[in-house]
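With PDB, C-alpha atoms inside, this is data.pdb:
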```pdb
ATOM      1  CA  MET K  19     -56.741 -35.784  -1.318
ATOM      2  CA  THR K  20     -57.310 -32.694  -3.460
ATOM      3  CA  ALA K  21     -60.394 -30.556  -3.823
ATOM      4  CA  LYS K  22     -59.693 -30.087  -7.548
ATOM      5  CA  ALA K  23     -60.229 -32.481 -10.408
ATOM      6  CA  LEU K  24     -57.032 -33.867 -11.907
ATOM      7  CA  PRO K  25     -56.022 -34.943 -15.418
ATOM      8  CA  PRO K  26     -55.948 -38.711 -16.034
ATOM      9  CA  ILE K  27     -52.759 -40.389 -14.806
ATOM     10  CA  VAL K  28     -51.105 -42.537 -17.496
ATOM     11  CA  ASP K  29     -47.744 -44.111 -18.251
ATOM     12  CA  ALA K  30     -45.005 -42.106 -19.944
ATOM     13  CA  LYS K  31     -45.563 -43.643 -23.395
ATOM     14  CA  THR K  32     -49.274 -42.850 -23.388
ATOM     15  CA  TRP K  33     -48.515 -39.311 -22.223
ATOM     16  CA  GLN K  34     -45.944 -38.852 -25.022
ATOM     17  CA  ASN K  35     -48.410 -40.139 -27.632
ATOM     18  CA  SER K  36     -51.033 -37.644 -26.453
ATOM     19  CA  LEU K  37     -48.482 -34.832 -26.513
ATOM     20  CA  ASP K  38     -47.427 -35.819 -30.043
ATOM     21  CA  GLU K  39     -51.045 -35.620 -31.190
ATOM     22  CA  LEU K  40     -51.369 -32.154 -29.702
ATOM     23  CA  ARG K  41     -48.060 -31.074 -31.245
ATOM     24  CA  VAL K  42     -49.485 -31.653 -34.728
ATOM     25  CA  ARG K  43     -52.170 -29.056 -34.027
ATOM     26  CA  GLU K  44     -49.709 -26.689 -32.343
ATOM     27  CA  LYS K  45     -47.406 -26.769 -35.368
ATOM     28  CA  ALA K  46     -50.347 -26.228 -37.712
ATOM     29  CA  ALA K  47     -51.372 -23.200 -35.634
ATOM     30  CA  THR K  48     -47.816 -21.839 -35.812
ATOM     31  CA  ARG K  49     -47.788 -22.177 -39.594
ATOM     32  CA  GLU K  50     -51.185 -20.474 -39.797
ATOM     33  CA  LEU K  51     -49.905 -17.579 -37.672
ATOM     34  CA  ASP K  52     -46.940 -17.276 -40.054
ATOM     35  CA  ALA K  53     -49.367 -17.124 -42.974
ATOM     36  CA  ILE K  54     -51.479 -14.495 -41.197
ATOM     37  CA  ALA K  55     -48.364 -12.391 -40.548
ATOM     38  CA  ALA K  56     -47.424 -12.701 -44.219
ATOM     39  CA  GLN K  57     -50.895 -11.464 -45.216
ATOM     40  CA  ARG K  58     -50.615  -8.616 -42.696
ATOM     41  CA  ARG K  59     -47.365  -7.525 -44.351
ATOM     42  CA  ARG K  60     -49.250  -7.295 -47.637
ATOM     43  CA  LEU K  61     -52.067  -5.091 -46.336
ATOM     44  CA  PRO K  62     -52.599  -1.737 -48.032
ATOM     45  CA  MET K  63     -52.381   1.402 -45.900
ATOM     46  CA  VAL K  64     -54.177   4.714 -45.515
ATOM     47  CA  GLU K  65     -52.596   8.151 -45.195
ATOM     48  CA  MET K  66     -53.232   9.932 -41.891
ATOM     49  CA  PRO K  67     -53.830  13.659 -41.343
ATOM     50  CA  ALA K  68     -51.163  15.738 -39.624
ATOM     51  CA  TYR K  69     -52.372  15.238 -36.035
ATOM     52  CA  THR K  70     -50.900  17.066 -33.057
ATOM     53  CA  LEU K  71     -50.682  15.155 -29.770
ATOM     54  CA  GLU K  72     -49.524  16.225 -26.325
ATOM     55  CA  GLY K  73     -46.349  14.695 -24.947
ATOM     56  CA  GLU K  74     -44.449  15.086 -21.702
ATOM     57  CA  LYS K  75     -42.548  18.036 -23.184
ATOM     58  CA  GLY K  76     -45.450  19.632 -25.024
ATOM     59  CA  PRO K  77     -47.196  19.348 -28.404
ATOM     60  CA  VAL K  78     -45.787  16.899 -30.950
ATOM     61  CA  SER K  79     -46.895  15.911 -34.419
ATOM     62  CA  LEU K  80     -47.811  12.304 -35.070
ATOM     63  CA  ALA K  81     -44.705  12.021 -37.232
ATOM     64  CA  GLU K  82     -42.573  13.235 -34.307
ATOM     65  CA  VAL K  83     -43.951  10.478 -32.053
ATOM     66  CA  PHE K  84     -41.871   8.045 -34.156
ATOM     67  CA  GLU K  85     -38.696   9.749 -32.824
ATOM     68  CA  GLY K  86     -36.896   9.116 -36.088
ATOM     69  CA  ARG K  87     -38.062   5.550 -36.562
ATOM     70  CA  SER K  88     -40.161   4.414 -39.504
ATOM     71  CA  GLN K  89     -42.589   2.103 -37.665
ATOM     72  CA  LEU K  90     -44.839   2.761 -34.673
ATOM     73  CA  ILE K  91     -47.152   0.641 -32.506
ATOM     74  CA  VAL K  92     -49.739   2.608 -30.521
ATOM     75  CA  TYR K  93     -51.801   1.238 -27.667
ATOM     76  CA  ASN K  94     -54.907   3.381 -27.179
ATOM     77  CA  HIS K  95     -55.490   3.230 -23.421
ATOM     78  CA  MET K  96     -59.073   3.645 -22.169
ATOM     79  CA  TRP K  97     -59.648   6.769 -20.079
ATOM     80  CA  PHE K  98     -62.471   7.723 -17.714
ATOM     81  CA  PRO K  99     -62.429  11.422 -16.695
ATOM     82  CA  GLY K 100     -62.134  12.098 -12.987
ATOM     83  CA  GLU K 101     -61.283   8.507 -12.040
ATOM     84  CA  LYS K 102     -58.208   7.752  -9.936
ATOM     85  CA  TRP K 103     -57.997   4.180 -11.250
ATOM     86  CA  GLN K 104     -58.336   3.688 -14.962
ATOM     87  CA  CYS K 105     -59.270   0.513 -16.877
ATOM     88  CA  PRO K 106     -57.648  -2.488 -15.130
ATOM     89  CA  GLY K 107     -57.423  -4.396 -18.400
ATOM     90  CA  CYS K 108     -55.474  -1.612 -20.093
ATOM     91  CA  THR K 109     -53.404  -1.004 -16.970
ATOM     92  CA  GLY K 110     -52.533  -4.684 -16.674
ATOM     93  CA  PHE K 111     -51.835  -5.159 -20.372
ATOM     94  CA  THR K 112     -49.463  -2.219 -20.674
ATOM     95  CA  SER K 113     -47.709  -2.992 -17.365
ATOM     96  CA  GLN K 114     -46.146  -6.009 -19.094
ATOM     97  CA  PHE K 115     -43.988  -3.863 -21.344
ATOM     98  CA  THR K 116     -40.946  -2.848 -19.328
ATOM     99  CA  ARG K 117     -38.194  -3.589 -21.864
ATOM    100  CA  LEU K 118     -38.862  -2.308 -25.368
ATOM    101  CA  GLU K 119     -35.329  -1.510 -26.517
ATOM    102  CA  PHE K 120     -35.359  -4.575 -28.789
ATOM    103  CA  LEU K 121     -37.670  -2.642 -31.123
ATOM    104  CA  ASP K 122     -34.810  -0.253 -31.919
ATOM    105  CA  ALA K 123     -33.160  -2.926 -34.058
ATOM    106  CA  HIS K 124     -36.378  -3.139 -36.069
ATOM    107  CA  ASP K 125     -36.670   0.619 -36.579
ATOM    108  CA  ALA K 126     -39.830   0.677 -34.441
ATOM    109  CA  ARG K 127     -41.336   2.191 -31.294
ATOM    110  CA  PHE K 128     -44.276   1.237 -28.994
ATOM    111  CA  VAL K 129     -46.138   3.978 -27.097
ATOM    112  CA  ILE K 130     -49.397   4.651 -25.258
ATOM    113  CA  VAL K 131     -51.938   7.232 -26.381
ATOM    114  CA  THR K 132     -54.923   8.094 -24.198
ATOM    115  CA  GLN K 133     -57.847  10.516 -24.218
ATOM    116  CA  GLY K 134     -56.905  11.827 -20.764
ATOM    117  CA  PRO K 135     -55.250  15.253 -20.377
ATOM    118  CA  ILE K 136     -51.491  14.847 -20.496
ATOM    119  CA  ASP K 137     -50.865  15.933 -16.882
ATOM    120  CA  GLU K 138     -53.435  13.440 -15.581
ATOM    121  CA  ALA K 139     -52.162  10.746 -17.916
ATOM    122  CA  LEU K 140     -48.565  11.173 -16.739
ATOM    123  CA  ALA K 141     -49.684  11.175 -13.101
ATOM    124  CA  TYR K 142     -51.508   7.892 -13.696
ATOM    125  CA  LYS K 143     -48.459   6.461 -15.448
ATOM    126  CA  ARG K 144     -46.396   7.160 -12.319
ATOM    127  CA  ARG K 145     -49.139   5.919 -10.000
ATOM    128  CA  VAL K 146     -49.218   2.468 -11.609
ATOM    129  CA  GLY K 147     -45.513   2.287 -12.467
ATOM    130  CA  ASN K 148     -45.952   2.127 -16.236
ATOM    131  CA  LYS K 149     -42.693   2.236 -18.221
ATOM    132  CA  MET K 150     -43.957   3.136 -21.692
ATOM    133  CA  THR K 151     -44.021   6.650 -23.165
ATOM    134  CA  TRP K 152     -47.466   8.269 -22.942
ATOM    135  CA  TYR K 153     -49.139  10.828 -25.177
ATOM    136  CA  SER K 154     -52.522  12.532 -24.925
ATOM    137  CA  THR K 155     -55.019  12.919 -27.748
ATOM    138  CA  ALA K 156     -57.425  14.931 -25.582
ATOM    139  CA  ASN K 157     -57.208  17.903 -27.946
ATOM    140  CA  SER K 158     -57.154  15.907 -31.166
ATOM    141  CA  SER K 159     -59.504  13.646 -33.127
ATOM    142  CA  PHE K 160     -56.728  11.066 -33.422
ATOM    143  CA  GLY K 161     -58.220   8.638 -30.883
ATOM    144  CA  THR K 162     -61.671   8.791 -32.431
ATOM    145  CA  ASP K 163     -60.259   8.322 -35.922
ATOM    146  CA  VAL K 164     -58.344   5.154 -34.984
ATOM    147  CA  GLY K 165     -61.105   3.365 -33.117
ATOM    148  CA  ALA K 166     -60.633   4.690 -29.561
ATOM    149  CA  PRO K 167     -63.010   7.649 -29.059
ATOM    150  CA  PRO K 168     -63.600   9.380 -25.716
ATOM    151  CA  GLY K 169     -65.458   6.965 -23.464
ATOM    152  CA  GLY K 170     -64.775   4.208 -25.972
ATOM    153  CA  GLY K 171     -62.688   1.092 -25.846
ATOM    154  CA  PHE K 172     -59.037   0.304 -26.269
ATOM    155  CA  ALA K 173     -57.225  -0.442 -29.504
ATOM    156  CA  VAL K 174     -53.879  -1.274 -31.038
ATOM    157  CA  ASN K 175     -52.846   0.584 -34.174
ATOM    158  CA  VAL K 176     -49.703   0.307 -36.264
ATOM    159  CA  PHE K 177     -48.289   3.087 -38.415
ATOM    160  CA  LEU K 178     -45.566   3.525 -41.028
ATOM    161  CA  ARG K 179     -43.757   6.841 -41.596
ATOM    162  CA  ASP K 180     -42.310   8.043 -44.883
ATOM    163  CA  GLY K 181     -40.708  11.399 -44.202
ATOM    164  CA  ASP K 182     -43.372  13.542 -42.535
ATOM    165  CA  THR K 183     -46.224  11.462 -43.915
ATOM    166  CA  VAL K 184     -47.757   8.806 -41.660
ATOM    167  CA  TYR K 185     -49.821   5.831 -42.801
ATOM    168  CA  ARG K 186     -52.055   3.502 -40.800
ATOM    169  CA  THR K 187     -51.262  -0.126 -41.606
ATOM    170  CA  TRP K 188     -53.079  -2.329 -39.037
ATOM    171  CA  HIS K 189     -55.637  -2.201 -36.245
ATOM    172  CA  THR K 190     -57.141  -4.580 -33.699
ATOM    173  CA  THR K 191     -59.101  -4.515 -30.479
ATOM    174  CA  GLY K 192     -60.784  -6.941 -28.079
ATOM    175  CA  ARG K 193     -59.132 -10.345 -27.964
ATOM    176  CA  GLY K 194     -57.024  -9.371 -30.958
ATOM    177  CA  THR K 195     -54.612  -7.813 -28.469
ATOM    178  CA  GLU K 196     -53.865 -11.185 -26.831
ATOM    179  CA  GLN K 197     -51.174 -11.991 -29.375
ATOM    180  CA  LEU K 198     -49.195  -9.040 -28.005
ATOM    181  CA  SER K 199     -49.398 -10.315 -24.429
ATOM    182  CA  HIS K 200     -47.201 -12.784 -22.596
ATOM    183  CA  THR K 201     -49.635 -13.298 -19.720
ATOM    184  CA  PHE K 202     -52.374 -15.235 -21.480
ATOM    185  CA  PRO K 203     -49.999 -17.502 -23.444
ATOM    186  CA  LEU K 204     -48.312 -18.467 -20.163
ATOM    187  CA  ILE K 205     -51.604 -19.007 -18.342
ATOM    188  CA  ASP K 206     -52.944 -21.078 -21.242
ATOM    189  CA  LEU K 207     -50.058 -23.534 -20.730
ATOM    190  CA  LEU K 208     -51.299 -24.366 -17.231
ATOM    191  CA  PRO K 209     -53.406 -27.501 -16.678
ATOM    192  CA  TYR K 210     -56.323 -25.432 -15.363
ATOM    193  CA  GLY K 211     -55.869 -22.621 -17.903
ATOM    194  CA  ARG K 212     -57.475 -19.246 -17.248
ATOM    195  CA  GLN K 213     -60.145 -20.780 -15.029
ATOM    196  CA  GLU K 214     -62.785 -18.524 -16.596
ATOM    197  CA  GLU K 215     -66.309 -19.828 -17.024
ATOM    198  CA  TRP K 216     -66.446 -19.358 -20.798
ATOM    199  CA  GLN K 217     -63.589 -21.779 -21.476
ATOM    200  CA  ASP K 218     -63.987 -25.343 -22.712
ATOM    201  CA  VAL K 219     -62.601 -27.472 -19.857
ATOM    202  CA  PRO K 220     -62.961 -31.048 -18.599
ATOM    203  CA  GLU K 221     -65.651 -31.882 -16.050
ATOM    204  CA  GLY K 222     -64.799 -30.625 -12.557
ATOM    205  CA  TRP K 223     -62.144 -28.123 -13.621
ATOM    206  CA  PRO K 224     -62.070 -24.949 -11.471
ATOM    207  CA  GLN K 225     -63.863 -22.045 -13.133
ATOM    208  CA  SER K 226     -64.803 -18.563 -12.004
ATOM    209  CA  PRO K 227     -66.422 -15.476 -13.550
ATOM    210  CA  THR K 228     -64.595 -13.881 -16.454
ATOM    211  CA  TYR K 229     -62.109 -11.177 -15.348
ATOM    212  CA  SER K 230     -62.382 -12.202 -11.675
ATOM    213  CA  ARG K 231     -58.736 -13.342 -11.567
ATOM    214  CA  TRP K 232     -57.396 -10.283 -13.351
ATOM    215  CA  PRO K 233     -55.442  -7.865 -11.136
ATOM    216  CA  GLY K 234     -57.092  -4.519 -10.469
ATOM    217  CA  SER K 235     -55.382  -1.217 -11.166
ATOM    218  CA  GLU K 236     -54.783  -0.709  -7.441
ATOM    219  CA  GLU K 237     -53.048  -4.096  -7.208
ATOM    220  CA  ILE K 238     -50.828  -3.223 -10.159
ATOM    221  CA  ALA K 239     -49.968   0.107  -8.536
ATOM    222  CA  ALA K 240     -49.118  -1.685  -5.297
ATOM    223  CA  HIS K 241     -46.648  -3.877  -7.178
ATOM    224  CA  TYR K 242     -45.086  -1.311  -9.482
ATOM    225  CA  GLY K 243     -46.314   2.203  -8.701
ATOM    226  CA  GLN K 244     -44.361   5.098  -7.315
ATOM    227  CA  ASP K 245     -47.030   7.076  -5.482
ATOM    228  CA  THR K 246     -50.154   5.099  -4.612
TER     229      THR K 246
END
```

Translate this structure into structure tokens?
Amino acid sequence: MTAKALPPIVDAKTWQNSLDELRVREKAATRELDAIAAQRRRLPMVEMPAYTLEGEKGPVSLAEVFEGRSQLIVYNHMWFPGEKWQCPGCTGFTSQFTRLEFLDAHDARFVIVTQGPIDEALAYKRRVGNKMTWYSTANSSFGTDVGAPPGGGFAVNVFLRDGDTVYRTWHTTGRGTEQLSHTFPLIDLLPYGRQEEWQDVPEGWPQSPTYSRWPGSEEIAAHYGQDT
């Protein structure tokens, strides 16, 4: 006996027919995502001011953050002054990215920018075992100008560099960041899904409060950090 509800049990042919029906929708969604990406590639862009950020080795211009590449993805990490453990959602999201060398072949880079002072930001990076390169916008309006002001939320921004001139090409926040994650796509494959109370599930499926299954920053540090 099991305490959880189970999907209906059917023969292999019935199962295959149901899967084939779902596959039609999955393929349609894939084609729609291709169309969305094509539209994204056709977006206009806006020129950015010559911001100065703080890096591990000191001040750097926004153009220098590209490190010679022409394309840049920036994750704006939430920051709460004086807190040992920063946003668990941001900490968990960025902890996924441990191998980014594949972007080199696409003339691109992916970095973190936060409102925290650079020394505190780098200490937090070590504490939770983050592998991405961090920059601070504590002394710049950059974060505010791209949708991540002090005390505000997180964001993803994409930029294109032409010489020393940088342009902003795309932005998202909230659930728009899910497409960059591998965690939710994997969890969504499971029969019980995310098990969060907002999801549409069959009767009897296990559900719990939203975010309650997400790892906390301390848990992430315990798994990956260097000095908890």

Residues within 12 Å of (-41.8, 11.0, -33.2), file coords, all atoms listed in the file, listed as a ChimeraX atom specification: /K:69-73,77-92,126-129,151,153,177-179,181-184

Among the residues K:Phe98, K:Thr187, K:Ser36, K:Gly110, the one that comes closest to His241 of chain K [using all atoms listed in the file]: K:Gly110

Distance of atom CA of Phe172 of chain K from atom CA of Cys108 of chain K, expressed in Å to one decimal place: 7.4 Å

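Going from atom CA of Asn94 of chain K over to atom CA of Asp206 of chain K, you cover 25.2 Å.
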
Atom pair atom CA of Val146 of chain K / atom CA of Ile238 of chain K: separation (Å):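 Atom-to-atom, atom CA of Val146 of chain K to atom CA of Ile238 of chain K, that is 6.1 Å.
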